[in-house]
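*Asks:* One structure, pasted below without further comment.
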There are 2 protein chains.
Amino acid sequence: MFRISRLTDYGIVLLAHLAREADGAPHNARELAAQANLPLPVVSKILKHLTHQGLLVSQRGVKGGYGLAREPRHISVSEIIAALEGPIALTECTLGPGHCDQESVCALRSPWQRINQVIGDALGRLTLAELTHPLPEDWLPFPSPREDAERVPLGVKG
Amino acid sequence: MFRISRLTDYGIVLLAHLAREADGAPHNARELAAQANLPLPVVSKILKHLTHQGLLVSQRGVKGGYGLAREPRHISVSEIIAALEGPIALTECTLGPGHCDQESVCALRSPWQRINQVIGDALGRLTLAELTHPLPEDWLPFPSPREDAERVPLGVKG
DNA sequence: ATTTACGGGACTCCTTTGGTCCGATATCCT
DNA sequence: AGGATATCGGACCAAAGGAGTCCCGTAAAT
């Protein structure tokens with residue numbers, strides 16, 4: 001259906017919550033679940049994933065909870081997606097050689113690579129910080145040719 | 001997994017085949033299946049869908065088969081995706097009001113709308129004709145600000 | 001020691017997807 | 001007319017992925 005999974009969507013919402021209330025103190029799963037109006041087990045699972053992938057840091061024990069591992073402006077949407085559902089690959093072949101058995105006969109591999117790169121870059125450029133403020137009407141997730149030098153790396157699942 | 005479905009991928013491949021050999025004559029499912037190295041029943045199913053959605057025209061009978069309903073340069077990738085797996089909506093909320101029950105409390109609806117629009121536009125701008133030739137290295141699926149006037153409408157499933 | 005929280009699983013249910021198959025209908029050719 | 005070859009329109013099924021729950025272990029604070 002060409003959709004990010006619901007879990008990933010939840011994850012972004014949770015991270016946005018944390019980004020907004022980025023005091024140093026950890027926020028526990030129960031609290032985040034209540035704020036986001038989501039079932040606790042689901043929220044727990046997502047937070048665990050995000051911690052494992054290095055987007056969150058966790059603190060155990062009575063006053064424990066979760067906090068962002070980095071500043072919101074250094075966390076990209078593509079990273080979040082990659083953390084929760086694997087690297088961004090619109091088609092199998094964009095995952096790398098050997099994934100699609102039509103590789104040798106398919107003429108569309110190269111176009112797909114480019115499409116995937118463009119969309120991946122777009123989501124890689126979009127940060128959590130930007131999500132917490134309304135995007136400007138003319139927002140485009142692409143560099144003007146000048147600033148092409150510096151690129152945010154695409155999140156790739158380990 | 002943030003992927004277009006395999007069926008959609010196949011569909012694009014099949015359409016690309018038809019775009020390349022766009023003589024007036026219809027091409028039957030058996031022939032296309034052989035060219036694309038895919039099982040016939042699958043190809044049949046896809047072609048039927050695409051016909052139903054208006055991207056292909058069909059001809060029954062002994063010399064029957066399928067042909068593009070429009071010129072390749074007037075068929076967009078987003079249309080193909082929309083035809084085979086519904087309108088492009090990265091999240092539930094971008095499908096329109098009433099789909100996500102978090103609507104009233106979620107602060108991310110507006111950013112997602114914008115993201116979805118940008119990606120949808122990108123795929124709406126990319127045509128079948130372009131797919132059959134290698135994309136230029138600097139291809140970006142976005143208008144320069146000047147040509148912003150004319151927009152390819154996003155494919156939306158009926 | 002008790003309480004509170006995360007850590008790491010396993011596990012189940014449900015929807016979607018990928019794929020097959022069949023009878024009906026239209027067209028062409030002999 | 002009649003057979004051959006297509007598409008048409010379904011139903012159907014198995015496998016995979018997604019969503020969600022639950023349990024037990026461990027760490028930290030009081």
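In the structure tokens, the first chain shown is A, the next is B, and so on; residue numbers restart at 1 for each chain, and ligands run from 1 in the order shown.
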Since chain A and chain B share a sequence, can you fit the second onto the first over all C-alpha atoms in order and output it as a PDB file with C-alpha atoms, in the first residue's frame?
*Replies:*
```pdb
ATOM      1  CA  MET B   1      -0.018  -0.093   0.070  1.00  0.00           C
ATOM      2  CA  PHE B   2       2.970   2.207  -0.124  1.00  0.00           C
ATOM      3  CA  ARG B   3       2.687   3.278   3.449  1.00  0.00           C
ATOM      4  CA  ILE B   4       5.026   3.474   6.370  1.00  0.00           C
ATOM      5  CA  SER B   5       3.869   1.000   8.968  1.00  0.00           C
ATOM      6  CA  ARG B   6       1.639   2.155  11.761  1.00  0.00           C
ATOM      7  CA  LEU B   7       4.337   1.323  14.279  1.00  0.00           C
ATOM      8  CA  THR B   8       6.748   3.628  12.503  1.00  0.00           C
ATOM      9  CA  ASP B   9       4.158   6.342  12.462  1.00  0.00           C
ATOM     10  CA  TYR B  10       3.683   5.918  16.194  1.00  0.00           C
ATOM     11  CA  GLY B  11       7.426   6.023  16.649  1.00  0.00           C
ATOM     12  CA  ILE B  12       7.677   9.375  14.935  1.00  0.00           C
ATOM     13  CA  VAL B  13       4.878  10.730  17.067  1.00  0.00           C
ATOM     14  CA  LEU B  14       6.621   9.555  20.210  1.00  0.00           C
ATOM     15  CA  LEU B  15       9.916  11.046  19.169  1.00  0.00           C
ATOM     16  CA  ALA B  16       8.180  14.295  18.381  1.00  0.00           C
ATOM     17  CA  HIS B  17       6.752  14.340  21.880  1.00  0.00           C
ATOM     18  CA  LEU B  18      10.217  13.845  23.300  1.00  0.00           C
ATOM     19  CA  ALA B  19      11.609  16.521  21.047  1.00  0.00           C
ATOM     20  CA  ARG B  20       9.097  19.043  22.253  1.00  0.00           C
ATOM     21  CA  GLU B  21       9.712  18.393  25.923  1.00  0.00           C
ATOM     22  CA  ALA B  22      13.417  18.002  25.708  1.00  0.00           C
ATOM     23  CA  ASP B  23      14.286  18.774  29.261  1.00  0.00           C
ATOM     24  CA  GLY B  24      17.078  16.551  30.449  1.00  0.00           C
ATOM     25  CA  ALA B  25      14.814  14.291  32.473  1.00  0.00           C
ATOM     26  CA  PRO B  26      13.824  10.896  31.126  1.00  0.00           C
ATOM     27  CA  HIS B  27      10.208  10.255  30.170  1.00  0.00           C
ATOM     28  CA  ASN B  28       8.825   6.837  30.884  1.00  0.00           C
ATOM     29  CA  ALA B  29       6.772   4.692  28.572  1.00  0.00           C
ATOM     30  CA  ARG B  30       3.591   5.057  30.578  1.00  0.00           C
ATOM     31  CA  GLU B  31       3.705   8.817  30.366  1.00  0.00           C
ATOM     32  CA  LEU B  32       4.431   8.824  26.640  1.00  0.00           C
ATOM     33  CA  ALA B  33       1.675   6.321  25.987  1.00  0.00           C
ATOM     34  CA  ALA B  34      -0.793   8.526  27.789  1.00  0.00           C
ATOM     35  CA  GLN B  35       0.283  11.635  25.916  1.00  0.00           C
ATOM     36  CA  ALA B  36       0.088   9.927  22.560  1.00  0.00           C
ATOM     37  CA  ASN B  37      -3.090   8.084  23.457  1.00  0.00           C
ATOM     38  CA  LEU B  38      -1.638   4.709  22.544  1.00  0.00           C
ATOM     39  CA  PRO B  39      -1.612   1.349  24.340  1.00  0.00           C
ATOM     40  CA  LEU B  40       1.316   0.957  26.687  1.00  0.00           C
ATOM     41  CA  PRO B  41       2.686  -2.369  25.381  1.00  0.00           C
ATOM     42  CA  VAL B  42       2.888  -0.957  21.882  1.00  0.00           C
ATOM     43  CA  VAL B  43       4.679   2.168  23.040  1.00  0.00           C
ATOM     44  CA  SER B  44       7.063   0.049  25.077  1.00  0.00           C
ATOM     45  CA  LYS B  45       7.939  -2.086  22.117  1.00  0.00           C
ATOM     46  CA  ILE B  46       8.618   0.901  19.915  1.00  0.00           C
ATOM     47  CA  LEU B  47      10.746   2.675  22.484  1.00  0.00           C
ATOM     48  CA  LYS B  48      12.797  -0.460  22.973  1.00  0.00           C
ATOM     49  CA  HIS B  49      13.416  -0.660  19.239  1.00  0.00           C
ATOM     50  CA  LEU B  50      14.411   2.959  18.989  1.00  0.00           C
ATOM     51  CA  THR B  51      16.780   2.553  21.903  1.00  0.00           C
ATOM     52  CA  HIS B  52      18.342  -0.496  20.359  1.00  0.00           C
ATOM     53  CA  GLN B  53      18.855   1.433  17.144  1.00  0.00           C
ATOM     54  CA  GLY B  54      20.546   4.273  18.927  1.00  0.00           C
ATOM     55  CA  LEU B  55      17.945   6.976  18.549  1.00  0.00           C
ATOM     56  CA  LEU B  56      16.986   6.943  22.205  1.00  0.00           C
ATOM     57  CA  VAL B  57      18.889   6.508  25.424  1.00  0.00           C
ATOM     58  CA  SER B  58      17.222   4.703  28.279  1.00  0.00           C
ATOM     59  CA  GLN B  59      17.475   4.830  32.009  1.00  0.00           C
ATOM     60  CA  ARG B  60      16.247   1.935  34.093  1.00  0.00           C
ATOM     61  CA  GLY B  61      14.800   1.981  37.537  1.00  0.00           C
ATOM     62  CA  VAL B  62      12.294   3.972  39.467  1.00  0.00           C
ATOM     63  CA  LYS B  63      13.013   7.349  37.953  1.00  0.00           C
ATOM     64  CA  GLY B  64      13.936   5.858  34.624  1.00  0.00           C
ATOM     65  CA  GLY B  65      12.604   6.451  31.153  1.00  0.00           C
ATOM     66  CA  TYR B  66      13.722   7.480  27.705  1.00  0.00           C
ATOM     67  CA  GLY B  67      15.336  10.520  26.165  1.00  0.00           C
ATOM     68  CA  LEU B  68      16.569  11.494  22.737  1.00  0.00           C
ATOM     69  CA  ALA B  69      20.066  10.303  21.994  1.00  0.00           C
ATOM     70  CA  ARG B  70      20.724  13.407  19.901  1.00  0.00           C
ATOM     71  CA  GLU B  71      19.287  16.810  19.313  1.00  0.00           C
ATOM     72  CA  PRO B  72      16.079  16.801  17.276  1.00  0.00           C
ATOM     73  CA  ARG B  73      17.781  18.681  14.488  1.00  0.00           C
ATOM     74  CA  HIS B  74      20.238  15.828  14.111  1.00  0.00           C
ATOM     75  CA  ILE B  75      17.648  13.082  13.852  1.00  0.00           C
ATOM     76  CA  SER B  76      16.226  12.561  10.391  1.00  0.00           C
ATOM     77  CA  VAL B  77      12.936  11.008   9.405  1.00  0.00           C
ATOM     78  CA  SER B  78      14.703   8.490   7.197  1.00  0.00           C
ATOM     79  CA  GLU B  79      16.713   7.362  10.189  1.00  0.00           C
ATOM     80  CA  ILE B  80      13.574   6.785  12.177  1.00  0.00           C
ATOM     81  CA  ILE B  81      12.002   4.815   9.362  1.00  0.00           C
ATOM     82  CA  ALA B  82      15.175   2.827   8.913  1.00  0.00           C
ATOM     83  CA  ALA B  83      15.324   2.104  12.616  1.00  0.00           C
ATOM     84  CA  LEU B  84      11.799   0.736  12.773  1.00  0.00           C
ATOM     85  CA  GLU B  85      11.353  -1.002   9.448  1.00  0.00           C
ATOM     86  CA  GLY B  86      14.701  -1.302   7.774  1.00  0.00           C
ATOM     87  CA  PRO B  87      16.461   0.767   5.161  1.00  0.00           C
ATOM     88  CA  ILE B  88      14.427   2.747   2.679  1.00  0.00           C
ATOM     89  CA  ALA B  89      14.109   0.683  -0.467  1.00  0.00           C
ATOM     90  CA  LEU B  90      11.105   1.295  -2.646  1.00  0.00           C
ATOM     91  CA  THR B  91      11.856  -1.821  -4.661  1.00  0.00           C
ATOM     92  CA  GLU B  92      13.744  -4.989  -3.833  1.00  0.00           C
ATOM     93  CA  CYS B  93      16.527  -4.160  -6.223  1.00  0.00           C
ATOM     94  CA  THR B  94      17.360  -0.928  -4.435  1.00  0.00           C
ATOM     95  CA  LEU B  95      18.358  -2.940  -1.389  1.00  0.00           C
ATOM     96  CA  GLY B  96      21.497  -3.888  -3.241  1.00  0.00           C
ATOM     97  CA  PRO B  97      22.683  -6.500  -5.733  1.00  0.00           C
ATOM     98  CA  GLY B  98      21.401 -10.026  -5.315  1.00  0.00           C
ATOM     99  CA  HIS B  99      17.992  -9.240  -3.919  1.00  0.00           C
ATOM    100  CA  CYS B 100      15.966  -9.333  -7.113  1.00  0.00           C
ATOM    101  CA  ASP B 101      16.401 -12.271  -9.441  1.00  0.00           C
ATOM    102  CA  GLN B 102      15.345 -10.190 -12.403  1.00  0.00           C
ATOM    103  CA  GLU B 103      18.430  -8.072 -11.939  1.00  0.00           C
ATOM    104  CA  SER B 104      20.201  -9.232 -15.064  1.00  0.00           C
ATOM    105  CA  VAL B 105      17.258  -8.719 -17.383  1.00  0.00           C
ATOM    106  CA  CYS B 106      15.504  -5.744 -15.810  1.00  0.00           C
ATOM    107  CA  ALA B 107      16.062  -2.399 -17.433  1.00  0.00           C
ATOM    108  CA  LEU B 108      14.558  -0.412 -14.606  1.00  0.00           C
ATOM    109  CA  ARG B 109      17.150  -0.944 -11.944  1.00  0.00           C
ATOM    110  CA  SER B 110      19.022   2.244 -12.593  1.00  0.00           C
ATOM    111  CA  PRO B 111      15.970   4.498 -12.660  1.00  0.00           C
ATOM    112  CA  TRP B 112      14.762   2.979  -9.404  1.00  0.00           C
ATOM    113  CA  GLN B 113      18.122   3.587  -7.807  1.00  0.00           C
ATOM    114  CA  ARG B 114      17.851   7.229  -8.654  1.00  0.00           C
ATOM    115  CA  ILE B 115      14.239   7.540  -7.521  1.00  0.00           C
ATOM    116  CA  ASN B 116      15.036   5.783  -4.295  1.00  0.00           C
ATOM    117  CA  GLN B 117      18.019   7.980  -3.688  1.00  0.00           C
ATOM    118  CA  VAL B 118      16.029  11.146  -4.233  1.00  0.00           C
ATOM    119  CA  ILE B 119      13.234  10.145  -1.898  1.00  0.00           C
ATOM    120  CA  GLY B 120      15.637   8.763   0.665  1.00  0.00           C
ATOM    121  CA  ASP B 121      17.612  11.991   0.582  1.00  0.00           C
ATOM    122  CA  ALA B 122      14.439  13.973   0.968  1.00  0.00           C
ATOM    123  CA  LEU B 123      13.501  12.094   4.107  1.00  0.00           C
ATOM    124  CA  GLY B 124      17.084  12.206   5.273  1.00  0.00           C
ATOM    125  CA  ARG B 125      17.081  15.954   5.081  1.00  0.00           C
ATOM    126  CA  LEU B 126      13.882  16.310   7.043  1.00  0.00           C
ATOM    127  CA  THR B 127      14.646  16.443  10.739  1.00  0.00           C
ATOM    128  CA  LEU B 128      12.662  15.782  13.855  1.00  0.00           C
ATOM    129  CA  ALA B 129      13.109  19.417  14.773  1.00  0.00           C
ATOM    130  CA  GLU B 130      11.344  20.478  11.601  1.00  0.00           C
ATOM    131  CA  LEU B 131       8.470  18.130  12.282  1.00  0.00           C
ATOM    132  CA  THR B 132       7.681  19.788  15.568  1.00  0.00           C
ATOM    133  CA  HIS B 133       7.118  23.090  13.861  1.00  0.00           C
ATOM    134  CA  PRO B 134       4.795  23.486  10.896  1.00  0.00           C
ATOM    135  CA  LEU B 135       6.662  23.094   7.640  1.00  0.00           C
ATOM    136  CA  PRO B 136       6.774  26.228   5.533  1.00  0.00           C
ATOM    137  CA  GLU B 137       4.390  26.224   2.622  1.00  0.00           C
ATOM    138  CA  ASP B 138       7.186  26.086   0.066  1.00  0.00           C
ATOM    139  CA  TRP B 139       9.226  23.467   1.864  1.00  0.00           C
ATOM    140  CA  LEU B 140      11.185  21.219  -0.443  1.00  0.00           C
ATOM    141  CA  PRO B 141      13.425  18.562   0.959  1.00  0.00           C
ATOM    142  CA  PHE B 142      16.138  19.177  -1.572  1.00  0.00           C
ATOM    143  CA  PRO B 143      19.281  21.137  -1.628  1.00  0.00           C
ATOM    144  CA  SER B 144      19.683  24.022  -3.935  1.00  0.00           C
ATOM    145  CA  PRO B 145      22.514  23.051  -6.303  1.00  0.00           C
ATOM    146  CA  ARG B 146      24.993  25.187  -4.328  1.00  0.00           C
ATOM    147  CA  GLU B 147      24.835  23.352  -1.033  1.00  0.00           C
ATOM    148  CA  ASP B 148      25.106  20.026  -2.757  1.00  0.00           C
ATOM    149  CA  ALA B 149      28.411  19.383  -1.057  1.00  0.00           C
ATOM    150  CA  GLU B 150      27.167  18.458   2.380  1.00  0.00           C
ATOM    151  CA  ARG B 151      24.815  15.472   2.525  1.00  0.00           C
ATOM    152  CA  VAL B 152      22.980  13.825   5.363  1.00  0.00           C
ATOM    153  CA  PRO B 153      23.732  10.107   5.164  1.00  0.00           C
ATOM    154  CA  LEU B 154      20.751   7.817   4.764  1.00  0.00           C
ATOM    155  CA  GLY B 155      19.878   5.744   7.755  1.00  0.00           C
ATOM    156  CA  VAL B 156      20.727   2.133   7.116  1.00  0.00           C
ATOM    157  CA  LYS B 157      19.728  -0.590   9.506  1.00  0.00           C
ATOM    158  CA  GLY B 158      22.648  -2.466  10.974  1.00  0.00           C
TER     159      GLY B 158
END
```
*Asks:* Where does chain D meet chain A within 6 Å, residue by residue, with the nearest atom pair and distance in Å to one decimal for each, counting only C-alpha atoms (C1' of nucleotides), listed by chain and rising number, as CSV?
*Replies:*
```
residue,atom,partner,partner_atom,distance
D:DA27,C1',A:Arg60,CA,5.8
D:DA28,C1',A:Gly61,CA,4.0
D:DA29,C1',A:Val62,CA,5.5
```
*Asks:* When DSSP works through the backbone of this structure, what residues of segment 13-58 of chain A end up as strand (DSSP E or B), shown as a VMD selection string?
*Replies:* chain A and resid 27 56 to 58
*Asks:* Using only C-alpha atoms (C1' of nucleotides) and a cut-off of 8 Å, which residues of chain C sit close to chain B? Please list them as a list of chain:residue names.
*Replies:*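 The contacting residues on chain C are C:DT17, C:DG18, C:DG19, C:DT20, C:DA26, C:DT27, C:DC28.
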*Asks:* Please identify which residues in segment 16-59 of chain B DSSP calls helix (DSSP H, G or I) from the backbone, and express them as a list of chain:residue names.
*Replies:* B:Ala16, B:His17, B:Leu18, B:Ala19, B:Arg20, B:Ala29, B:Arg30, B:Glu31, B:Leu32, B:Ala33, B:Ala34, B:Gln35, B:Ala36, B:Leu40, B:Pro41, B:Val42, B:Val43, B:Ser44, B:Lys45, B:Ile46, B:Leu47, B:Lys48, B:His49, B:Leu50, B:Thr51, B:His52
